[in-house]
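Next up, input_3.cif (mmCIF, C-alpha atoms and all ligand atoms):
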data_coords
loop_
_atom_site.label_atom_id
_atom_site.label_comp_id
_atom_site.auth_asym_id
_atom_site.auth_seq_id
_atom_site.Cartn_x
_atom_site.Cartn_y
_atom_site.Cartn_z
CA MET A 1 25.99 9.08 3.46
CA GLY A 2 27.32 12.63 3.69
CA ARG A 3 25.38 15.54 5.07
CA GLY A 4 27.40 18.07 3.06
CA LEU A 5 26.05 20.69 0.71
CA GLY A 6 26.46 18.34 -2.26
CA ALA A 7 24.14 15.68 -0.88
CA ALA A 8 21.58 18.23 0.26
CA ALA A 9 21.58 20.00 -3.11
CA THR A 10 21.16 16.72 -4.97
CA ALA A 11 18.30 15.75 -2.70
CA ALA A 12 16.64 19.10 -3.28
CA LEU A 13 16.97 18.79 -7.05
CA ILE A 14 15.52 15.31 -7.16
CA GLY A 15 12.81 16.40 -4.77
CA LEU A 16 11.85 19.28 -7.04
CA ALA A 17 11.73 17.06 -10.09
CA ALA A 18 9.46 14.63 -8.25
CA LEU A 19 7.20 17.45 -7.12
CA ALA A 20 6.92 19.02 -10.52
CA ALA A 21 6.08 15.75 -12.18
CA THR A 22 3.45 14.57 -9.69
CA SER A 23 1.33 17.57 -8.82
CA ALA A 24 1.12 20.77 -6.87
CA ALA A 25 -0.91 18.82 -4.30
CA GLU A 26 2.15 16.89 -3.05
CA PRO A 27 1.86 16.82 0.76
CA ALA A 28 4.20 19.16 2.61
CA LYS A 29 7.33 17.49 3.95
CA PRO A 30 7.28 17.13 7.74
CA ALA A 31 9.26 20.04 9.20
CA GLY A 32 12.83 19.22 10.13
CA LYS A 33 13.01 15.99 8.17
CA GLU A 34 15.89 15.58 5.78
CA VAL A 35 14.68 14.55 2.33
CA LEU A 36 16.68 11.74 0.77
CA PRO A 37 16.44 10.41 -2.76
CA VAL A 38 15.81 6.69 -3.03
CA ARG A 39 19.34 5.39 -3.55
CA VAL A 40 18.41 1.86 -4.48
CA TRP A 41 21.94 1.16 -5.63
CA ASP A 42 23.09 1.46 -2.01
CA ILE A 43 20.80 -1.32 -0.90
CA PRO A 44 22.53 -4.69 -1.07
CA SER A 45 20.73 -7.24 -3.21
CA VAL A 46 19.69 -10.18 -1.07
CA GLU A 47 21.24 -12.67 -3.53
CA ARG A 48 24.66 -11.27 -2.77
CA LEU A 49 24.40 -11.60 1.01
CA PRO A 50 26.62 -14.37 2.36
CA ASP A 51 25.27 -17.87 2.90
CA ASP A 52 24.93 -17.32 6.64
CA GLU A 53 21.93 -17.07 8.99
CA ARG A 54 21.21 -13.43 8.08
CA GLY A 55 21.57 -13.95 4.34
CA ARG A 56 19.40 -17.07 4.31
CA LEU A 57 16.71 -15.41 6.43
CA ALA A 58 16.58 -12.31 4.20
CA ARG A 59 16.33 -14.46 1.06
CA TYR A 60 13.53 -16.47 2.65
CA GLY A 61 11.85 -13.18 3.53
CA ARG A 62 11.99 -12.02 -0.06
CA SER A 63 10.43 -15.30 -1.17
CA ILE A 64 7.57 -14.81 1.30
CA PHE A 65 7.16 -11.19 0.13
CA GLU A 66 6.91 -12.29 -3.51
CA ALA A 67 4.95 -15.54 -3.07
CA THR A 68 3.14 -15.07 0.25
CA TYR A 69 0.43 -17.55 -0.80
CA ALA A 70 3.00 -20.37 -1.12
CA HIS A 71 4.38 -19.94 2.42
CA VAL A 72 1.63 -18.62 4.68
CA GLY A 73 -1.44 -18.59 2.41
CA PRO A 74 -4.82 -20.25 3.01
CA GLU A 75 -3.99 -23.21 0.75
CA VAL A 76 -0.60 -24.31 2.20
CA ALA A 77 -0.44 -27.94 3.37
CA ASP A 78 0.23 -27.20 7.06
CA PRO A 79 -2.88 -25.62 8.64
CA ALA A 80 -0.71 -24.03 11.36
CA LYS A 81 1.04 -21.98 8.64
CA ARG A 82 -2.17 -20.56 7.16
CA PHE A 83 -1.88 -16.96 8.31
CA ALA A 84 -2.99 -15.06 5.21
CA GLY A 85 -6.69 -15.40 4.46
CA ASN A 86 -6.31 -14.72 0.74
CA ASN A 87 -3.92 -15.78 -2.02
CA LEU A 88 -2.38 -12.35 -2.61
CA ALA A 89 1.33 -11.60 -2.23
CA CYS A 90 2.88 -8.58 -0.53
CA LYS A 91 4.46 -7.61 -3.85
CA ASN A 92 1.08 -7.35 -5.59
CA CYS A 93 0.79 -3.93 -3.91
CA HIS A 94 4.39 -3.23 -2.83
CA LEU A 95 5.52 -3.44 -6.43
CA ASN A 96 8.88 -4.70 -7.72
CA GLY A 97 9.66 -6.39 -4.43
CA GLY A 98 8.98 -3.15 -2.53
CA PHE A 99 11.38 -1.04 -4.62
CA LYS A 100 9.03 0.85 -6.94
CA LYS A 101 8.76 4.60 -6.51
CA PHE A 102 5.09 5.48 -5.84
CA GLY A 103 4.30 1.75 -6.03
CA LEU A 104 3.98 1.61 -2.21
CA PRO A 105 7.70 0.96 -1.73
CA VAL A 106 8.91 -0.45 1.59
CA ILE A 107 12.42 0.91 1.15
CA GLY A 108 13.30 2.66 4.40
CA ALA A 109 10.10 1.45 6.11
CA ALA A 110 11.90 -0.66 8.73
CA ALA A 111 13.90 2.39 9.82
CA ASP A 112 10.65 4.21 10.72
CA TYR A 113 9.53 1.74 13.39
CA PRO A 114 8.56 1.75 16.19
CA ALA A 115 6.24 4.60 15.24
CA TYR A 116 2.98 6.03 16.55
CA SER A 117 0.01 4.40 14.83
CA ALA A 118 -3.07 6.60 14.46
CA ARG A 119 -5.06 3.48 13.60
CA SER A 120 -4.47 1.86 17.00
CA GLY A 121 -3.76 5.08 18.92
CA ALA A 122 -0.55 3.56 20.31
CA PRO A 123 3.06 2.99 19.27
CA ALA A 124 3.47 0.15 16.76
CA SER A 125 6.52 -2.02 16.13
CA LEU A 126 7.47 -3.16 12.63
CA VAL A 127 5.98 -6.58 13.48
CA GLU A 128 2.68 -4.92 14.41
CA ARG A 129 2.67 -2.80 11.23
CA LEU A 130 3.35 -5.88 9.16
CA ASN A 131 0.48 -7.62 10.89
CA GLY A 132 -1.70 -4.67 9.92
CA CYS A 133 -1.21 -5.80 6.31
CA MET A 134 -1.66 -9.48 7.31
CA THR A 135 -5.04 -8.85 8.91
CA ARG A 136 -6.35 -6.36 6.33
CA SER A 137 -4.60 -6.48 2.94
CA MET A 138 -4.10 -10.24 3.32
CA ASN A 139 -7.41 -10.69 5.19
CA GLY A 140 -5.66 -13.04 7.65
CA ARG A 141 -4.54 -13.39 11.25
CA PRO A 142 -1.43 -11.93 12.89
CA MET A 143 1.85 -13.84 12.71
CA PRO A 144 3.74 -14.14 16.04
CA ALA A 145 6.98 -12.13 16.26
CA GLY A 146 9.04 -15.28 16.81
CA LEU A 147 7.65 -17.20 13.83
CA THR A 148 10.38 -17.95 11.27
CA GLU A 149 8.27 -16.48 8.46
CA MET A 150 7.79 -13.22 10.40
CA ARG A 151 11.48 -13.03 11.30
CA ALA A 152 12.29 -13.59 7.62
CA LEU A 153 10.00 -10.79 6.43
CA VAL A 154 11.44 -8.43 9.04
CA SER A 155 14.94 -9.40 7.94
CA TYR A 156 14.09 -8.64 4.29
CA LEU A 157 12.63 -5.25 5.26
CA ASP A 158 15.72 -4.52 7.39
CA ILE A 159 17.95 -5.08 4.35
CA LEU A 160 15.73 -2.65 2.40
CA SER A 161 16.48 0.01 5.02
CA THR A 162 20.25 -0.32 4.73
CA GLY A 163 21.82 3.13 5.07
CA ILE A 164 18.48 4.90 5.52
CA ARG A 165 18.10 6.72 8.81
CA ALA A 166 14.88 6.94 10.79
CA ASP A 167 14.74 10.72 10.41
CA ALA A 168 15.01 10.62 6.61
CA GLU A 169 12.07 11.12 4.29
CA VAL A 170 12.39 8.74 1.35
CA ILE A 171 11.22 10.27 -1.92
CA GLY A 172 8.64 8.15 -3.73
CA LYS A 173 6.93 6.74 -0.64
CA GLY A 174 3.28 5.81 -0.82
CA ALA A 175 1.43 6.05 -4.12
CA GLY A 176 1.77 9.77 -4.88
CA ARG A 177 -0.82 12.50 -4.62
CA MET A 178 -2.62 13.57 -7.78
CA PRO A 179 -5.08 16.48 -7.71
CA GLU A 180 -8.47 15.78 -6.13
CA LEU A 181 -11.81 16.13 -7.88
CA ALA A 182 -14.28 18.85 -6.91
CA ARG A 183 -17.06 16.27 -7.32
CA ALA A 184 -17.63 12.82 -5.83
CA ALA A 185 -15.84 10.05 -7.73
CA ASP A 186 -18.31 8.14 -9.90
CA PRO A 187 -18.32 4.31 -9.78
CA ALA A 188 -20.80 4.12 -12.69
CA ARG A 189 -18.43 6.04 -14.96
CA GLY A 190 -15.59 3.94 -13.54
CA ARG A 191 -17.30 0.73 -14.54
CA ALA A 192 -16.86 1.55 -18.25
CA ILE A 193 -13.22 2.48 -17.72
CA TYR A 194 -12.70 -0.80 -15.89
CA ALA A 195 -14.14 -2.76 -18.80
CA ASP A 196 -11.89 -0.89 -21.20
CA LYS A 197 -8.60 -0.69 -19.25
CA CYS A 198 -8.54 -3.34 -16.50
CA ALA A 199 -10.82 -6.29 -17.24
CA LEU A 200 -8.42 -7.83 -19.73
CA CYS A 201 -6.08 -8.67 -16.84
CA HIS A 202 -8.16 -8.49 -13.64
CA ARG A 203 -11.18 -10.12 -15.41
CA SER A 204 -14.68 -8.74 -15.68
CA GLY A 205 -15.73 -10.02 -12.24
CA GLY A 206 -12.58 -8.64 -10.59
CA GLU A 207 -11.51 -12.17 -9.70
CA GLY A 208 -8.05 -11.97 -11.29
CA LEU A 209 -6.26 -14.82 -13.01
CA ARG A 210 -4.92 -17.76 -11.03
CA ARG A 211 -1.55 -19.30 -11.83
CA GLY A 212 -2.96 -22.78 -11.32
CA LEU A 213 -6.06 -24.32 -9.81
CA PRO A 214 -7.85 -23.45 -6.56
CA GLY A 215 -6.18 -25.36 -3.71
CA ASP A 216 -2.69 -25.56 -5.22
CA ALA A 217 -1.28 -22.55 -3.28
CA LEU A 218 0.28 -21.11 -6.46
CA GLY A 219 -1.41 -17.73 -6.18
CA TYR A 220 -2.23 -15.39 -9.04
CA LEU A 221 -0.73 -14.18 -12.29
CA VAL A 222 -3.04 -11.19 -11.85
CA PRO A 223 -4.44 -10.58 -8.35
CA PRO A 224 -8.16 -10.17 -7.67
CA LEU A 225 -9.46 -6.66 -6.93
CA TRP A 226 -12.61 -7.69 -5.08
CA GLY A 227 -14.58 -10.76 -4.05
CA PRO A 228 -13.79 -13.42 -1.40
CA ASP A 229 -10.06 -13.79 -2.19
CA SER A 230 -9.23 -10.06 -2.10
CA PHE A 231 -8.15 -7.55 0.57
CA ASN A 232 -10.82 -6.78 3.18
CA ASP A 233 -12.78 -3.60 3.82
CA GLY A 234 -10.33 -2.45 6.52
CA ALA A 235 -7.34 -2.42 4.12
CA GLY A 236 -5.52 0.73 2.99
CA MET A 237 -6.21 -0.19 -0.64
CA ASN A 238 -9.92 0.03 0.14
CA ARG A 239 -9.52 3.78 0.74
CA LEU A 240 -10.20 5.77 -2.40
CA ILE A 241 -7.31 8.25 -2.18
CA THR A 242 -4.78 5.42 -1.81
CA ALA A 243 -6.38 3.22 -4.46
CA ALA A 244 -6.83 6.01 -7.03
CA ASN A 245 -3.25 7.25 -6.70
CA PHE A 246 -1.89 3.70 -6.82
CA VAL A 247 -3.86 2.99 -9.99
CA HIS A 248 -2.87 6.31 -11.57
CA ALA A 249 0.85 5.78 -10.91
CA ASN A 250 1.04 2.03 -11.59
CA MET A 251 -1.80 0.59 -13.66
CA PRO A 252 -2.19 -0.96 -16.21
CA ASN A 253 0.63 -3.01 -14.69
CA GLY A 254 4.00 -1.82 -15.95
CA THR A 255 2.99 1.85 -15.89
CA ASP A 256 5.47 4.20 -14.27
CA TRP A 257 4.48 7.32 -12.30
CA THR A 258 6.39 9.48 -14.81
CA ALA A 259 4.06 8.41 -17.62
CA PRO A 260 0.56 7.64 -16.31
CA VAL A 261 -1.75 5.87 -18.77
CA LEU A 262 -5.01 6.93 -17.14
CA GLY A 263 -6.10 10.54 -16.89
CA VAL A 264 -6.63 11.91 -13.38
CA GLU A 265 -10.43 11.84 -13.61
CA ASP A 266 -10.47 8.31 -15.02
CA ALA A 267 -8.18 7.08 -12.24
CA TRP A 268 -10.53 8.48 -9.55
CA ASP A 269 -13.61 6.96 -11.16
CA VAL A 270 -12.16 3.52 -11.91
CA ALA A 271 -10.81 3.28 -8.35
CA ALA A 272 -14.27 4.29 -7.10
CA TYR A 273 -15.69 1.38 -9.06
CA VAL A 274 -13.17 -1.02 -7.46
CA VAL A 275 -13.89 0.15 -3.89
CA SER A 276 -17.65 -0.01 -4.55
CA GLN A 277 -17.44 -3.77 -5.09
CA PRO A 278 -18.03 -6.49 -2.42
CA ARG A 279 -15.08 -7.81 -0.41
CA PRO A 280 -14.46 -9.62 2.91
CA HIS A 281 -15.48 -7.72 6.04
CA LYS A 282 -13.10 -7.12 8.92
CA ALA A 283 -14.68 -7.23 12.39
CA ASP A 284 -14.46 -4.32 14.88
CA LEU A 285 -13.59 -1.61 12.36
CA ALA A 286 -15.38 1.01 14.48
CA ALA A 287 -12.53 0.70 17.01
CA ASP A 288 -9.95 1.88 14.44
CA PHE A 289 -8.53 5.37 14.95
CA PRO A 290 -9.57 6.06 18.56
CA ASP A 291 -8.93 9.75 17.79
CA LYS A 292 -11.56 10.22 15.08
CA LEU A 293 -9.98 13.48 13.89
CA ALA A 294 -6.82 11.50 13.06
CA LYS A 295 -8.80 9.15 10.81
CA PRO A 296 -7.81 9.43 7.13
CA ILE A 297 -10.60 11.40 5.43
CA ASP A 298 -11.18 8.61 2.88
CA THR A 299 -11.81 5.90 5.52
CA PRO A 300 -14.97 4.28 4.14
CA TYR A 301 -16.37 3.26 7.54
CA GLY A 302 -17.51 5.35 10.52
CA PRO A 303 -17.79 6.61 13.10
CA TYR A 304 -16.54 10.08 12.19
CA ALA A 305 -16.16 13.25 14.25
CA ASP A 306 -16.82 15.68 11.37
CA GLY A 307 -20.53 15.16 10.56
CA PHE A 308 -19.97 14.10 6.93
CA SER A 309 -21.67 10.95 5.61
CA GLU A 310 -20.03 7.59 5.06
CA GLN A 311 -20.86 8.05 1.37
CA GLN A 312 -18.85 11.29 1.12
CA HIS A 313 -15.93 9.80 3.07
CA LYS A 314 -15.91 6.92 0.62
CA TYR A 315 -16.17 8.79 -2.70
CA GLY A 316 -15.45 12.44 -1.92
CA PRO A 317 -15.41 15.30 -2.63
CA PHE A 318 -12.74 15.38 0.06
CA GLY A 319 -11.93 19.11 0.16
CA PRO A 320 -14.85 20.08 2.46
CA ILE A 321 -14.09 17.17 4.84
CA ALA A 322 -10.40 18.08 5.06
CA ALA A 323 -11.26 21.73 5.81
CA LYS A 324 -13.75 20.78 8.55
CA VAL A 325 -11.35 18.28 10.18
CA LYS A 326 -8.60 20.90 10.15
CA ALA A 327 -10.87 23.49 11.81
CA LEU A 328 -12.10 21.04 14.47
CA ASP A 329 -8.55 19.95 15.19
CA ALA A 330 -7.38 23.58 15.53
CA ALA A 331 -10.33 24.39 17.81
CA ARG A 332 -9.38 21.76 20.39
CA LYS A 333 -5.76 22.89 20.68
C1 LIG B 1 -3.75 -5.00 -1.11
C2 LIG B 1 -2.51 -4.26 -1.05
C3 LIG B 1 -1.45 -4.64 -0.03
C4 LIG B 1 -0.91 -5.88 0.23
C5 LIG B 1 -1.27 -7.19 -0.43
C6 LIG B 1 0.07 -5.69 1.26
N1 LIG B 1 0.15 -4.38 1.61
FE1 LIG B 1 1.46 -3.55 2.95
N2 LIG B 1 0.59 -1.73 2.67
C7 LIG B 1 -0.43 -1.45 1.79
C8 LIG B 1 -0.81 -0.07 1.91
C9 LIG B 1 -1.90 0.63 1.12
C10 LIG B 1 0.03 0.48 2.91
C11 LIG B 1 0.03 1.92 3.45
C12 LIG B 1 0.94 2.75 2.66
C13 LIG B 1 0.83 4.18 3.12
O1 LIG B 1 0.34 4.42 4.22
O2 LIG B 1 1.28 5.02 2.36
C14 LIG B 1 0.90 -0.59 3.36
C15 LIG B 1 1.91 -0.44 4.33
C16 LIG B 1 2.84 -1.42 4.65
C17 LIG B 1 3.99 -1.21 5.51
C18 LIG B 1 4.37 0.11 6.18
C19 LIG B 1 5.16 0.94 5.21
C20 LIG B 1 5.65 2.22 5.83
O3 LIG B 1 6.40 2.92 5.12
O4 LIG B 1 5.32 2.55 6.96
C21 LIG B 1 4.66 -2.39 5.58
C22 LIG B 1 5.94 -2.67 6.35
C23 LIG B 1 3.92 -3.35 4.78
N3 LIG B 1 2.83 -2.71 4.23
C24 LIG B 1 4.28 -4.66 4.59
C25 LIG B 1 3.50 -5.59 3.91
C26 LIG B 1 3.80 -7.00 3.87
C27 LIG B 1 5.01 -7.66 4.51
C28 LIG B 1 2.81 -7.59 3.13
C29 LIG B 1 2.61 -9.06 2.86
C30 LIG B 1 2.51 -9.91 4.03
C31 LIG B 1 1.91 -6.53 2.68
N4 LIG B 1 2.36 -5.35 3.19
C32 LIG B 1 0.83 -6.72 1.84
C33 LIG B 1 -1.01 -2.34 0.90
C34 LIG B 1 -0.77 -3.70 0.85
C1 LIG B 2 -1.50 -5.88 -18.07
C2 LIG B 2 -2.34 -6.44 -17.03
C3 LIG B 2 -2.97 -5.47 -16.06
C4 LIG B 2 -3.83 -4.43 -16.35
C5 LIG B 2 -4.34 -3.99 -17.72
C6 LIG B 2 -4.19 -3.85 -15.07
N1 LIG B 2 -3.58 -4.50 -14.05
FE1 LIG B 2 -3.74 -4.10 -12.05
N2 LIG B 2 -2.35 -5.50 -11.65
C7 LIG B 2 -1.79 -6.34 -12.56
C8 LIG B 2 -0.80 -7.18 -11.91
C9 LIG B 2 0.03 -8.29 -12.56
C10 LIG B 2 -0.77 -6.77 -10.56
C11 LIG B 2 0.16 -7.29 -9.49
C12 LIG B 2 1.54 -6.68 -9.71
C13 LIG B 2 2.66 -7.52 -9.14
O1 LIG B 2 2.43 -8.48 -8.41
O2 LIG B 2 3.82 -7.18 -9.47
C14 LIG B 2 -1.78 -5.72 -10.42
C15 LIG B 2 -2.08 -5.08 -9.23
C16 LIG B 2 -3.16 -4.23 -9.05
C17 LIG B 2 -3.63 -3.71 -7.79
C18 LIG B 2 -3.03 -4.02 -6.42
C19 LIG B 2 -3.22 -5.47 -6.02
C20 LIG B 2 -4.62 -5.87 -5.64
O3 LIG B 2 -4.93 -7.06 -5.69
O4 LIG B 2 -5.41 -4.99 -5.26
C21 LIG B 2 -4.69 -2.89 -8.05
C22 LIG B 2 -5.53 -2.12 -7.05
C23 LIG B 2 -4.89 -2.89 -9.49
N3 LIG B 2 -3.94 -3.71 -10.05
C24 LIG B 2 -5.88 -2.17 -10.16
C25 LIG B 2 -5.97 -2.09 -11.54
C26 LIG B 2 -6.91 -1.23 -12.25
C27 LIG B 2 -7.97 -0.38 -11.59
C28 LIG B 2 -6.65 -1.38 -13.59
C29 LIG B 2 -7.30 -0.66 -14.74
C30 LIG B 2 -7.09 0.77 -14.77
C31 LIG B 2 -5.56 -2.34 -13.72
N4 LIG B 2 -5.19 -2.73 -12.46
C32 LIG B 2 -5.05 -2.76 -14.93
C33 LIG B 2 -2.07 -6.42 -13.91
C34 LIG B 2 -2.83 -5.51 -14.60
#
Exercise: express the given structure as structure tokens:
Amino acid sequence: MGRGLGAAATAALIGLAALAATSAAEPAKPAGKEVLPVRVWDIPSVERLPDDERGRLARYGRSIFEATYAHVGPEVADPAKRFAGNNLACKNCHLNGGFKKFGLPVIGAAADYPAYSARSGAPASLVERLNGCMTRSMNGRPMPAGLTEMRALVSYLDILSTGIRADAEVIGKGAGRMPELARAADPARGRAIYADKCALCHRSGGEGLRRGLPGDALGYLVPPLWGPDSFNDGAGMNRLITAANFVHANMPNGTDWTAPVLGVEDAWDVAAYVVSQPRPHKADLAADFPDKLAKPIDTPYGPYADGFSEQQHKYGPFGPIAAKVKALDAARK
């Protein structure tokens, strides 16, 4: 991948297009980081890898990514393999196998680790980051680094980082950043939007639509959004800013970030309705983010260092919190 003027100019152009089409509130790029477009065509497809140890492991990893419930879910035959606590799949959130722009892609993710984790206050390896999703998004227990299923997932993620350097910023990461509301997001208003735009697929009780029968380890055609078989309250998707942007850029399923179906206000309110619903509880959440000023402002559980209520951290408005956190952070430096 060249570092010449051509590549840089192309990256800048694509970057500008992405910025213009998302919003003016796009977070500033970290200083000094080269911005790279997502060149998915440079990533080898796992089918085409040779039939050797690496190729087989990466293909197994993709299978676990797409059908997590069938390999390490709570209904698999071997109790020792039951690591996930729910019947979701990684790809329910990391859309299109982890390739979708603003659909929480994991392209380039492996290249970023080890990285400092604000959540634990210590450096995290890729295995530890992956286990963050196992214990929160998948409401399960950590998989050991040497477990074949973990090695397979890591191998799949490694393939998805082919040609992407650790210092590169991949365009389309995360779920985007639409403008924030000046008011708190409103779950009551969101409830009506849910009935109109989501319930057809995710069902009126948020329970989703199973592919088969409970106990058969076949997972979901449409994943649940709350209730006992969903992500727990410590998951990233349980934070309103993440959930609202994800929904805006990707839902109803099939939506692309270039052509959102929901208006900005509707996306905030329907996501507020989703995060207001009951879900499994993760123990010891108060220990997350030992540096409370590094806690994402939409973390829906305390303690906080900024004096704002749990209610405001959960539903916004976020502007006043962000300003206070910034001032407190500047004051201690
Ligand atoms: C309920 C939704 C959900 C599910 C299911 C889920 N994740 Fe995640 N995952 C997230 C969110 C949200 C993030 C944080 C993205 C961010 O910070 O922008 C994340 C982050 C990650 C990252 C770090 C990405 C990066 O760029 O640093 C990896 C790796 C990852 N997940 C892997 C997995 C794997 C493997 C599975 C399945 C075992 C999984 N996830 C299941 C929601 C989910
Ligand atoms: C056409 C059916 C359909 C509609 C309508 C739809 N979704 Fe989804 N949704 C899906 C499917 C299918 C997935 C999983 C995607 C995958 O695995 O590729 C998903 C995934 C999700 C996820 C991440 C996975 C999880 O379990 O949390 C969230 C959050 C979500 N949808 C919220 C919504 C909201 C809110 C609405 C209404 C605005 C909505 N969806 C409308 C089908 C739909």
Enumerate residues in contact with ligand LIG 2 (chain B): an atom-to-atom distance of at most 9 Å, counting all atoms listed in the file. Format the result as a ChimeraX atom specification.
/A:66,88-97,137,190,193-202,208,220-226,230-231,237-238,243-244,246-248,250-254,261-262,266-267,270-271,273-274
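Proximity of A:Gly146, A:Pro290, A:Pro320, A:Gly174 to ligand LIG 1 (chain B), computed with all atoms listed in the file, is greatest for A:Gly174.
With CA of Pro142 (chain A) on one side and atom O4 of ligand LIG 1 (chain B) on the other, the separation reads 17.0 Å.
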Across A:Ser161, A:Thr242, A:Thr255, A:Thr148, the smallest distance to ligand LIG 1 (chain B), with only C-alpha atoms and all ligand atoms counted, is shown by A:Thr242
Contacts of Gly55 (chain A) within 12 Å, all atoms listed in the file, excl. fewer than 6 positions in-chain, as a PyMOL selection string
chain A and resi 44-49+61-62+152+155-156+158-159
Which residues come within 10 Å of Cys133 (chain A), counting all atoms listed in the file, excluding same-chain residues fewer than 4 positions away, as an MDAnalysis selection string?
chainID A and resid 84 90 128:129 137:142 231 234:236
For Gly163 (chain A), please output as an NGL selection string all residues within 9 Å (counting all atoms listed in the file; exclusion window: fewer than 2 positions along the same chain).
:A and (1 or 42-43 or 108 or 160-161 or 165)
Generate the output file for the selected residues, C-alpha atoms, as a CSV table (one decimal), in the frame of the given file.
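Saved file selection.csv follows:
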chain,number,residue,atom,x,y,z
A,1,MET,CA,26.0,9.1,3.5
A,42,ASP,CA,23.1,1.5,-2.0
A,43,ILE,CA,20.8,-1.3,-0.9
A,108,GLY,CA,13.3,2.7,4.4
A,160,LEU,CA,15.7,-2.6,2.4
A,161,SER,CA,16.5,0.0,5.0
A,165,ARG,CA,18.1,6.7,8.8
So, with all atoms listed in the file as the atoms that count, which of A:Gln311, A:Ser120, A:Asn86, A:Ser276 lies closest to ligand LIG 1 (chain B)?
A:Asn86
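Taking CA of Glu75 (chain A) as the reference point, CA of Met150 (chain A) is found at 18.2 Å.
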